[in-house]
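To start, the structure itself, in structure tokens.
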Amino acid sequence: PSPSTLKQWYQRRVRGSVGTCYLIFMKFKSTYDSNHDTFRVEFLLGPCLILALVLNHSFTFSEILWTFSIYLEAGAILPQLFMMSKTGEAETITSHYLFMLGAYRGLYILNWVYRFYTESFFDPIAVVAGVVQTVLYIDFFYLYITKVLKGKSLVLPC
């Protein structure tokens, strides 16, 4: 790709990120429930940073950032699951969103299998982090399939 194409792609990504931040912090700010959002994000960020510093492919700045993002993605669902467990339920749109995030992870796993058999490529950091993320989703998937797909609301068992 030409440099102008990459620049346009990057500009679209930045505009999309800015737009998402606007929606989160301005337009839909009133939907934020600070009473139930008590997850201590430092308990997620700290271990991910330590893992990235200790378990990486090479100790370079870009590699540590990439590894940190992989570990953080694996645990990024924890705040939402924590809030769901605290409130005991999730709105239907939230349930669909979480299911789509999990489906994305499932497609990623298919990509790993495909790359392993066609390119003999295996990345242990990405695979282990992906397996951890998938394990975190399993209970939610069960509830989603047994409740939401049958038209019921997602209410956690007591």
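Ordering of the structure tokens sets the chain letters (A, B, ...), residue numbers begin anew at 1 in every chain, and ligands are numbered from 1 in the order given.
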Cut-off 12 Å: closest range 46-81 of chain A/range 90-101 of chain A atom pairs per residue, using only C-alpha atoms, as a Markdown table:
| residue | atom | partner | partner_atom | distance |
| --- | --- | --- | --- | --- |
| A:Glu73 | CA | A:Leu101 | CA | 10.6 |
| A:Ala74 | CA | A:Leu101 | CA | 11.1 |
| A:Ala76 | CA | A:Leu101 | CA | 10.5 |
| A:Ile77 | CA | A:Leu98 | CA | 8.2 |
| A:Leu78 | CA | A:Leu98 | CA | 11.1 |
| A:Pro79 | CA | A:Leu98 | CA | 11.8 |
| A:Gln80 | CA | A:Leu98 | CA | 8.6 |
| A:Leu81 | CA | A:Leu98 | CA | 9.4 |
(request) Write out as a list in words the residues lying within 8 Å of range 43-60 of chain A, counting only C-alpha atoms and excluding same-chain residues fewer than 6 positions away. (result) Thr67, Phe68, Tyr71, Leu72, Gly75 and Ile125 of chain A
(request) Tell me, in Å to one decimal, how far CA of Val127 in chain A is from CA of Tyr142 in chain A. (result)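 Answer for the CA of Val127 in chain A to CA of Tyr142 in chain A separation: 22.2 Å.
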(request) Identify all residues of range 48-81 of chain A in helix (DSSP H, G or I) (DSSP on the backbone) and supply them as an MDAnalysis selection string. (result) chainID A and resid 48:54 61:75 78:81
Kindly export the residues of the current selection with N, CA and C atoms, as a CSV table (one decimal), in the first residue's frame.
chain,number,residue,atom,x,y,z
A,48,CYS,N,-1.3,-7.3,34.0
A,48,CYS,CA,-1.0,-7.3,32.5
A,48,CYS,C,0.3,-6.7,32.2
A,49,LEU,N,0.6,-5.6,32.8
A,49,LEU,CA,1.9,-4.9,32.6
A,49,LEU,C,3.1,-5.8,33.1
A,50,ILE,N,2.9,-6.4,34.2
A,50,ILE,CA,4.0,-7.2,34.8
A,50,ILE,C,4.2,-8.4,33.9
A,51,LEU,N,3.1,-9.1,33.4
A,51,LEU,CA,3.3,-10.2,32.5
A,51,LEU,C,3.9,-9.8,31.2
A,52,ALA,N,3.6,-8.6,30.7
A,52,ALA,CA,4.2,-8.1,29.4
A,52,ALA,C,5.7,-7.8,29.6
A,53,LEU,N,6.1,-7.4,30.8
A,53,LEU,CA,7.5,-7.1,31.0
A,53,LEU,C,8.3,-8.4,31.2
A,54,VAL,N,7.6,-9.5,31.7
A,54,VAL,CA,8.3,-10.7,32.0
A,54,VAL,C,8.2,-11.7,30.9
A,61,PHE,N,10.5,-2.1,23.2
A,61,PHE,CA,9.3,-1.2,23.6
A,61,PHE,C,8.1,-1.7,22.8
A,62,SER,N,8.2,-1.8,21.5
A,62,SER,CA,7.0,-2.2,20.7
A,62,SER,C,6.5,-3.6,21.0
A,63,GLU,N,7.4,-4.5,21.3
A,63,GLU,CA,7.0,-5.9,21.6
A,63,GLU,C,6.3,-5.9,23.0
A,64,ILE,N,6.8,-5.1,23.9
A,64,ILE,CA,6.2,-5.1,25.3
A,64,ILE,C,4.8,-4.5,25.2
A,65,LEU,N,4.6,-3.4,24.3
A,65,LEU,CA,3.3,-2.8,24.1
A,65,LEU,C,2.4,-3.8,23.5
A,66,TRP,N,2.8,-4.6,22.5
A,66,TRP,CA,2.0,-5.6,21.8
A,66,TRP,C,1.6,-6.6,22.8
A,67,THR,N,2.6,-7.1,23.6
A,67,THR,CA,2.3,-8.2,24.5
A,67,THR,C,1.3,-7.7,25.6
A,68,PHE,N,1.5,-6.5,26.1
A,68,PHE,CA,0.6,-5.9,27.1
A,68,PHE,C,-0.8,-5.8,26.5
A,69,SER,N,-1.0,-5.4,25.2
A,69,SER,CA,-2.3,-5.3,24.6
A,69,SER,C,-3.0,-6.7,24.5
A,70,ILE,N,-2.2,-7.8,24.2
A,70,ILE,CA,-2.7,-9.1,24.2
A,70,ILE,C,-3.2,-9.6,25.5
A,71,TYR,N,-2.4,-9.3,26.6
A,71,TYR,CA,-2.8,-9.7,27.9
A,71,TYR,C,-4.0,-8.9,28.4
A,72,LEU,N,-4.0,-7.6,28.1
A,72,LEU,CA,-5.1,-6.8,28.5
A,72,LEU,C,-6.4,-7.2,27.8
A,73,GLU,N,-6.3,-7.5,26.5
A,73,GLU,CA,-7.5,-8.0,25.8
A,73,GLU,C,-8.1,-9.2,26.4
A,74,ALA,N,-7.2,-10.1,26.9
A,74,ALA,CA,-7.7,-11.3,27.5
A,74,ALA,C,-8.5,-11.1,28.7
A,75,GLY,N,-8.2,-10.0,29.5
A,75,GLY,CA,-8.9,-9.7,30.7
A,75,GLY,C,-9.9,-8.6,30.6
A,78,LEU,N,-13.4,-8.7,32.1
A,78,LEU,CA,-13.6,-8.8,33.5
A,78,LEU,C,-14.5,-7.7,34.1
A,79,PRO,N,-14.2,-6.4,33.8
A,79,PRO,CA,-15.1,-5.3,34.4
A,79,PRO,C,-16.6,-5.5,34.1
A,80,GLN,N,-16.9,-5.9,32.8
A,80,GLN,CA,-18.3,-6.2,32.5
A,80,GLN,C,-18.9,-7.4,33.2
A,81,LEU,N,-18.1,-8.4,33.3
A,81,LEU,CA,-18.6,-9.6,34.0
A,81,LEU,C,-18.8,-9.3,35.5
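The closest residue to Arg40 in chain A, picked from A:Phe122, A:Asn111, A:Lys152, A:Phe82 and counting only C-alpha atoms, is A:Phe82.
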(request) One decimal, Å: what's the distance from CA of Gln133 in chain A over to CA of Gly102 in chain A, could you say? (result)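 Atom-to-atom, CA of Gln133 in chain A and CA of Gly102 in chain A are spaced 8.5 Å apart.
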(message) Would you compute the distance between CA of Gly151 in chain A and CA of Phe28 in chain A? Give it in Å to one decimal.
(response)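 Answer for the CA of Gly151 in chain A to CA of Phe28 in chain A separation: 26.0 Å.
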(request) Could you pull out the residues in chain A that DSSP calls strand (DSSP E) from the backbone, as a ChimeraX atom specification? (result) /A:89-90,154-155
Pull all heavy atoms from the residues just selected and write them as a short mmCIF file (atom, residue, chain, number, x, y, z; two decimals), in the first residue's frame.
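Saved the output as result11.cif:
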data_model
loop_
_atom_site.label_atom_id
_atom_site.label_comp_id
_atom_site.auth_asym_id
_atom_site.auth_seq_id
_atom_site.Cartn_x
_atom_site.Cartn_y
_atom_site.Cartn_z
N GLU A 89 -27.87 -9.08 36.52
CA GLU A 89 -28.52 -9.16 35.21
C GLU A 89 -27.78 -8.29 34.21
O GLU A 89 -26.91 -7.50 34.56
CB GLU A 89 -29.98 -8.73 35.30
CG GLU A 89 -30.17 -7.31 35.76
CD GLU A 89 -31.64 -6.94 35.95
OE1 GLU A 89 -32.50 -7.73 35.53
OE2 GLU A 89 -31.88 -5.88 36.50
N ALA A 90 -28.15 -8.44 32.94
CA ALA A 90 -27.59 -7.61 31.88
C ALA A 90 -28.70 -7.27 30.89
O ALA A 90 -29.59 -8.09 30.64
CB ALA A 90 -26.47 -8.35 31.16
N LEU A 154 -31.31 -11.93 30.53
CA LEU A 154 -30.17 -12.59 31.13
C LEU A 154 -30.10 -12.19 32.60
O LEU A 154 -29.70 -11.10 32.94
CB LEU A 154 -28.87 -12.21 30.41
CG LEU A 154 -27.69 -13.10 30.79
CD1 LEU A 154 -26.91 -13.42 29.55
CD2 LEU A 154 -26.81 -12.44 31.80
N VAL A 155 -30.56 -13.08 33.46
CA VAL A 155 -30.49 -12.88 34.90
C VAL A 155 -29.60 -13.98 35.46
O VAL A 155 -29.80 -15.16 35.17
CB VAL A 155 -31.90 -12.95 35.55
CG1 VAL A 155 -31.81 -12.78 37.05
CG2 VAL A 155 -32.82 -11.91 34.93
#
